[in-house]
Number of protein chains: 2
Amino acid sequence: MKLVEEKNPDTQRVLEIINEGLSKRAVITIMASCRVYYDGRAVSRLELGDRIIMIKSDGSFIIHQDRNLEPVNWQPPKTKVAADIYQGMVKIKGVRRNPHEKLEVEILNTHLASYFIGEDSESLELAGYEADMGDLIFKDPEVIEKGFRPTSREYHTTQGFIDILGKDQNGNLTILELKSRKAGTNAVKQLRRYVDCFSDHKEEVRGVLVAPSVTDDARELLEEQKMEFKALEPPRELGKDKVVTLESFFGRSSS
Amino acid sequence: MKLVEEKNPDTQRVLEIINEGLSKRAVITIMASCRVYYDGRAVSRLELGDRIIMIKSDGSFIIHQDRNLEPVNWQPPKTKVAADIYQGMVKIKGVRRNPHEKLEVEILNTHLASYFIGEDSESLELAGYEADMGDLIFKDPEVIEKGFRPTSREYHTTQGFIDILGKDQNGNLTILELKSRKAGTNAVKQLRRYVDCFSDHKEEVRGVLVAPSVTDDARELLEEQKMEFKALEPPRELGKDKVVTLESFFGRSSS
DNA sequence: GCATGCATTTCGTAC
DNA sequence: GTACGAAGTGCATGC
């Protein structure tokens, strides 16, 4: 771990710290009074104020105000960042192609300039999203209902991909639309379109919206359209690939 | 502007800086080796590594790794953040309700701890998104085509809201679907559904996708479905409410 | 407070 | 590289 930092550095020193940080592929953090200009997919301007500027080793370029979760301006990874002095101010420019975009920061006064090279080989383990629900349903189809058998995933139709296609215990084609969050009317409409893809089918085709909950509107629409809702929480187990549970060890052969 | 910062502070001093920063509603920035746990809409865990932790005065709580534009973990504004010492480590907890979520950082070693109170009364001026396109089309309908007259915006149908509804120079109902970015097949399908809402209409109903560009698939689909594409860039003028142009001053009355 | 839809969405993934 | 869809999406807006 290496850290360089300086309080109230002058213009020259700020430039030095930035350039050292860039060449060492460090994470640069600057607290400064600045203006910001962006031109790319959209165009923006931010007048003078105190902000936190962060440049990461992968080319991410982020500017935070003292409020809001989201940065006020930014550039994604792979942005080419460079700094120089222009009219007595440090100017940091980030440019990238595809799309062609430019982010420029004019620094008038720097409160703190720093860069640091840390160690972080870990990546986030995260559970609880739609794909996990699909995994769960394939592993244990009865979470949907007794006798349900999933047959395919991401089944292609003209209207898009059906999350899970299967048959119920009576052999009826059953279409599952998964949502990891509360589902709204859009999810119901999408499910409707999938069901309609099988309108020439002889037997009944069931449409089932699978989500932790639905909005009132969505529930109404489901009833109107003779479709169903099945409450299911996305599983939230971390490190499930590392842990051997009895169930995963013995599989479903014993049931 | 006030800034407090300390390199390699001990556990007690880190806690002090955090608590001072919190009570003064400053922006706290810490570079530290830490673990992160999140439990809320999903659940996550991040093992030991060097990261940048930021706590803003509005309760935004952000943790960055040395890579990626997006923070690895976060909590939105209005999160209640508090710190204490537990088993010799500084622990920062952020909790919020609705949804109920918790973010916890265990700090093992702090490289730099700081808080700062800046001045920033400016807000971002931004132009170039879908709403701007709509404004432009209402202000100058001929950007679509000669004789086009928009009649309503956000027109409600069972399939959702039509961006702009109007009539062409022949009096045919014309539905505009706006996209501020390159439009894909989904935009075409959506437009199709809007057009179908008027399938009982006597006269021709036109569907026009308005966007800076379309994907090849989308263009194909448009042709198949006898719908149209009109290339239009979202306007990118900043501060248009401040600048009085000749056009806006004289309006369209003279034309 | 909840529901809806845009976003400089970002990010992963399949093609 | 492009296209497509999910996201702990965030966020404004309308109700």
# chains A, B, ... in the order shown; residues from 1 in each chain; ligands from 1
>>> residues_around(residues="DT9 in chain C", least_positions_apart="3", cutoff="10 Å", atoms="only C-alpha atoms (C1' of nucleotides)", output="PyMOL selection string")
(chain C and resi 6) or (chain D and resi 9-10)
>>> write_last_selection(atoms="N, CA, C and O atoms (P, O5', C5', C4', C3', O3' and C1' of nucleotides)", output="PDB file, in the first residue's frame")
ATOM      1  P    DC C   6     -39.539   5.874 -21.021  1.00  0.00           P
ATOM      2  O5'  DC C   6     -38.340   6.899 -20.762  1.00  0.00           O
ATOM      3  C5'  DC C   6     -38.599   8.289 -20.588  1.00  0.00           C
ATOM      4  C4'  DC C   6     -37.429   8.973 -19.890  1.00  0.00           C
ATOM      5  C3'  DC C   6     -36.078   8.764 -20.576  1.00  0.00           C
ATOM      6  O3'  DC C   6     -35.310   9.958 -20.425  1.00  0.00           O
ATOM      7  C1'  DC C   6     -35.976   7.897 -18.408  1.00  0.00           C
TER       8       DC C   6
ATOM      9  P    DT D   9     -33.210  -3.464  -7.187  1.00  0.00           P
ATOM     10  O5'  DT D   9     -32.399  -2.563  -8.239  1.00  0.00           O
ATOM     11  C5'  DT D   9     -32.373  -1.141  -8.060  1.00  0.00           C
ATOM     12  C4'  DT D   9     -31.030  -0.615  -8.457  1.00  0.00           C
ATOM     13  C3'  DT D   9     -30.974   0.891  -8.357  1.00  0.00           C
ATOM     14  O3'  DT D   9     -30.271   1.219  -7.153  1.00  0.00           O
ATOM     15  C1'  DT D   9     -30.430   0.181 -10.589  1.00  0.00           C
ATOM     16  P    DG D  10     -30.915   2.210  -6.086  1.00  0.00           P
ATOM     17  O5'  DG D  10     -30.605   3.635  -6.727  1.00  0.00           O
ATOM     18  C5'  DG D  10     -29.283   4.059  -6.932  1.00  0.00           C
ATOM     19  C4'  DG D  10     -29.284   5.346  -7.727  1.00  0.00           C
ATOM     20  C3'  DG D  10     -30.028   6.499  -7.056  1.00  0.00           C
ATOM     21  O3'  DG D  10     -29.375   7.716  -7.390  1.00  0.00           O
ATOM     22  C1'  DG D  10     -31.122   5.936  -9.077  1.00  0.00           C
TER      23       DG D  10
END
>>> select_by_dssp(residues="range 94-164 of chain A", states="helix (DSSP H, G or I)", output="CSV table (one decimal) with N, CA, C and O atoms, in the first residue's frame")
chain,number,residue,atom,x,y,z
A,130,GLU,N,-32.6,-12.0,-10.2
A,130,GLU,CA,-33.5,-12.8,-11.0
A,130,GLU,C,-32.9,-14.1,-11.4
A,130,GLU,O,-33.6,-15.2,-11.4
A,131,ALA,N,-31.6,-14.1,-11.8
A,131,ALA,CA,-31.0,-15.3,-12.2
A,131,ALA,C,-31.0,-16.4,-11.1
A,131,ALA,O,-31.2,-17.6,-11.3
A,132,ASP,N,-30.8,-15.9,-9.8
A,132,ASP,CA,-30.9,-16.8,-8.7
A,132,ASP,C,-32.2,-17.5,-8.5
A,132,ASP,O,-32.4,-18.6,-8.2
A,133,MET,N,-33.3,-16.7,-8.8
A,133,MET,CA,-34.6,-17.3,-8.8
A,133,MET,C,-34.8,-18.4,-9.8
A,133,MET,O,-35.3,-19.5,-9.5
A,134,GLY,N,-34.2,-18.2,-11.0
A,134,GLY,CA,-34.3,-19.2,-12.1
A,134,GLY,C,-33.5,-20.4,-11.6
A,134,GLY,O,-34.0,-21.6,-11.8
A,135,ASP,N,-32.4,-20.2,-11.1
A,135,ASP,CA,-31.6,-21.4,-10.6
A,135,ASP,C,-32.4,-22.2,-9.6
A,135,ASP,O,-32.5,-23.4,-9.6
A,136,LEU,N,-33.0,-21.5,-8.6
A,136,LEU,CA,-33.8,-22.1,-7.6
A,136,LEU,C,-34.9,-22.9,-8.2
A,136,LEU,O,-35.2,-24.1,-7.8
A,137,ILE,N,-35.6,-22.3,-9.2
A,137,ILE,CA,-36.8,-23.0,-9.7
A,137,ILE,C,-36.4,-24.3,-10.5
A,137,ILE,O,-37.0,-25.3,-10.4
A,138,PHE,N,-35.2,-24.2,-11.1
A,138,PHE,CA,-34.7,-25.5,-11.8
A,138,PHE,C,-34.3,-26.5,-10.8
A,138,PHE,O,-34.4,-27.7,-11.0
A,139,LYS,N,-33.7,-26.0,-9.7
A,139,LYS,CA,-33.2,-27.0,-8.7
A,139,LYS,C,-34.4,-27.6,-7.9
A,139,LYS,O,-34.3,-28.8,-7.6
A,141,PRO,N,-38.3,-27.3,-8.5
A,141,PRO,CA,-39.4,-26.8,-9.2
A,141,PRO,C,-40.7,-26.7,-8.4
A,141,PRO,O,-41.6,-25.9,-8.7
A,142,GLU,N,-40.7,-27.4,-7.3
A,142,GLU,CA,-42.0,-27.4,-6.5
A,142,GLU,C,-42.1,-26.1,-5.7
A,142,GLU,O,-43.2,-25.8,-5.1
A,143,VAL,N,-41.1,-25.2,-5.7
A,143,VAL,CA,-41.3,-23.9,-5.2
A,143,VAL,C,-42.4,-23.1,-6.0
A,143,VAL,O,-43.0,-22.2,-5.5
>>> atom_distance(atom1="CA of Leu178 in chain A", atom2="CA of Gln190 in chain B")
20.4 Å
>>> residues_around(residues="DG5 in chain D", least_positions_apart="5", cutoff="10 Å", atoms="only C-alpha atoms (C1' of nucleotides)", output="ChimeraX atom specification")
/A:161 /C:12-13
>>> write_last_selection(atoms="N, CA and C atoms (P, O5', C5', C4', C3', O3' and C1' of nucleotides)", output="PDB file, in the first residue's frame")
ATOM      1  N   PHE A 161     -37.616 -13.127 -24.900  1.00  0.00           N
ATOM      2  CA  PHE A 161     -37.252 -14.386 -24.275  1.00  0.00           C
ATOM      3  C   PHE A 161     -38.126 -14.673 -23.066  1.00  0.00           C
TER       4      PHE A 161
ATOM      5  P    DG C  12     -19.306  -6.111 -14.879  1.00  0.00           P
ATOM      6  O5'  DG C  12     -20.010  -7.359 -15.584  1.00  0.00           O
ATOM      7  C5'  DG C  12     -20.954  -8.117 -14.850  1.00  0.00           C
ATOM      8  C4'  DG C  12     -21.892  -8.815 -15.795  1.00  0.00           C
ATOM      9  C3'  DG C  12     -21.255  -9.921 -16.655  1.00  0.00           C
ATOM     10  O3'  DG C  12     -21.948 -11.137 -16.425  1.00  0.00           O
ATOM     11  C1'  DG C  12     -22.616  -8.477 -17.972  1.00  0.00           C
ATOM     12  P    DT C  13     -21.237 -12.517 -16.933  1.00  0.00           P
ATOM     13  O5'  DT C  13     -22.062 -12.974 -18.219  1.00  0.00           O
ATOM     14  C5'  DT C  13     -23.452 -12.698 -18.319  1.00  0.00           C
ATOM     15  C4'  DT C  13     -23.911 -12.875 -19.748  1.00  0.00           C
ATOM     16  C3'  DT C  13     -23.042 -13.817 -20.596  1.00  0.00           C
ATOM     17  O3'  DT C  13     -23.880 -14.598 -21.414  1.00  0.00           O
ATOM     18  C1'  DT C  13     -23.252 -11.768 -21.685  1.00  0.00           C
TER      19       DT C  13
END
>>> atom_distance(atom1="CA of Tyr194 in chain A", atom2="CA of Met227 in chain A")
11.7 Å
>>> atom_distance(atom1="C1' of DA14 in chain C", atom2="CA of Lys230 in chain A")
29.5 Å
>>> decode(residues="range 99-120 of chain B", atoms="N, CA, C and O atoms", output="compact mmCIF listing (two decimals), in the first residue's frame")
# COMPACT_ATOMS: atom_id res chain seq x y z
N PRO B 99 -36.72 0.59 1.35
CA PRO B 99 -36.75 -0.72 1.98
C PRO B 99 -35.77 -0.79 3.14
O PRO B 99 -34.85 0.02 3.21
N HIS B 100 -35.96 -1.74 4.02
CA HIS B 100 -35.04 -1.88 5.14
C HIS B 100 -33.74 -2.48 4.63
O HIS B 100 -33.73 -3.57 4.06
N GLU B 101 -32.67 -1.73 4.83
CA GLU B 101 -31.37 -2.17 4.34
C GLU B 101 -30.29 -1.77 5.32
O GLU B 101 -30.42 -0.78 6.03
N LYS B 102 -29.22 -2.54 5.28
CA LYS B 102 -28.10 -2.29 6.19
C LYS B 102 -26.79 -2.47 5.44
O LYS B 102 -26.61 -3.44 4.70
N LEU B 103 -25.90 -1.53 5.61
CA LEU B 103 -24.56 -1.63 5.02
C LEU B 103 -23.55 -1.47 6.15
O LEU B 103 -23.67 -0.55 6.96
N GLU B 104 -22.60 -2.39 6.21
CA GLU B 104 -21.66 -2.39 7.32
C GLU B 104 -20.24 -2.49 6.79
O GLU B 104 -19.95 -3.33 5.95
N VAL B 105 -19.38 -1.63 7.29
CA VAL B 105 -17.96 -1.68 6.91
C VAL B 105 -17.13 -1.91 8.15
O VAL B 105 -17.27 -1.19 9.14
N GLU B 106 -16.28 -2.92 8.09
CA GLU B 106 -15.32 -3.20 9.16
C GLU B 106 -13.96 -2.73 8.71
O GLU B 106 -13.42 -3.25 7.73
N ILE B 107 -13.43 -1.76 9.42
CA ILE B 107 -12.14 -1.21 9.02
C ILE B 107 -11.02 -1.82 9.84
O ILE B 107 -11.02 -1.74 11.06
N LEU B 108 -10.06 -2.44 9.14
CA LEU B 108 -8.94 -3.06 9.85
C LEU B 108 -7.75 -2.14 9.95
O LEU B 108 -7.01 -2.18 10.91
N ASN B 109 -7.59 -1.30 8.93
CA ASN B 109 -6.41 -0.45 8.90
C ASN B 109 -6.73 0.78 8.04
O ASN B 109 -7.14 0.63 6.90
N THR B 110 -6.53 1.95 8.61
CA THR B 110 -6.88 3.16 7.89
C THR B 110 -5.64 3.86 7.36
O THR B 110 -4.71 4.14 8.12
N HIS B 111 -5.64 4.13 6.04
CA HIS B 111 -4.50 4.81 5.43
C HIS B 111 -4.67 6.32 5.50
O HIS B 111 -3.73 7.05 5.74
N LEU B 112 -5.90 6.77 5.28
CA LEU B 112 -6.18 8.20 5.33
C LEU B 112 -7.63 8.40 5.76
O LEU B 112 -8.53 7.77 5.22
N ALA B 113 -7.81 9.26 6.75
CA ALA B 113 -9.18 9.59 7.15
C ALA B 113 -9.35 11.09 7.04
O ALA B 113 -8.45 11.85 7.41
N SER B 114 -10.48 11.54 6.50
CA SER B 114 -10.67 12.97 6.33
C SER B 114 -12.15 13.33 6.32
O SER B 114 -13.00 12.48 6.06
N TYR B 115 -12.43 14.56 6.67
CA TYR B 115 -13.75 15.08 6.34
C TYR B 115 -13.56 16.50 5.86
O TYR B 115 -12.59 17.16 6.21
N PHE B 116 -14.49 16.93 5.03
CA PHE B 116 -14.38 18.31 4.59
C PHE B 116 -15.76 18.91 4.34
O PHE B 116 -16.71 18.22 3.99
N ILE B 117 -15.83 20.20 4.63
CA ILE B 117 -17.08 20.93 4.47
C ILE B 117 -16.83 21.97 3.39
O ILE B 117 -16.06 22.91 3.60
N GLY B 118 -17.40 21.76 2.26
CA GLY B 118 -17.16 22.66 1.14
C GLY B 118 -18.35 23.53 0.86
O GLY B 118 -19.37 23.45 1.53
N GLU B 119 -18.19 24.37 -0.16
CA GLU B 119 -19.31 25.18 -0.60
C GLU B 119 -19.64 24.81 -2.02
O GLU B 119 -18.75 24.79 -2.88
N ASP B 120 -20.88 24.53 -2.24
CA ASP B 120 -21.28 24.14 -3.58
C ASP B 120 -22.77 24.37 -3.74
O ASP B 120 -23.59 23.51 -3.41
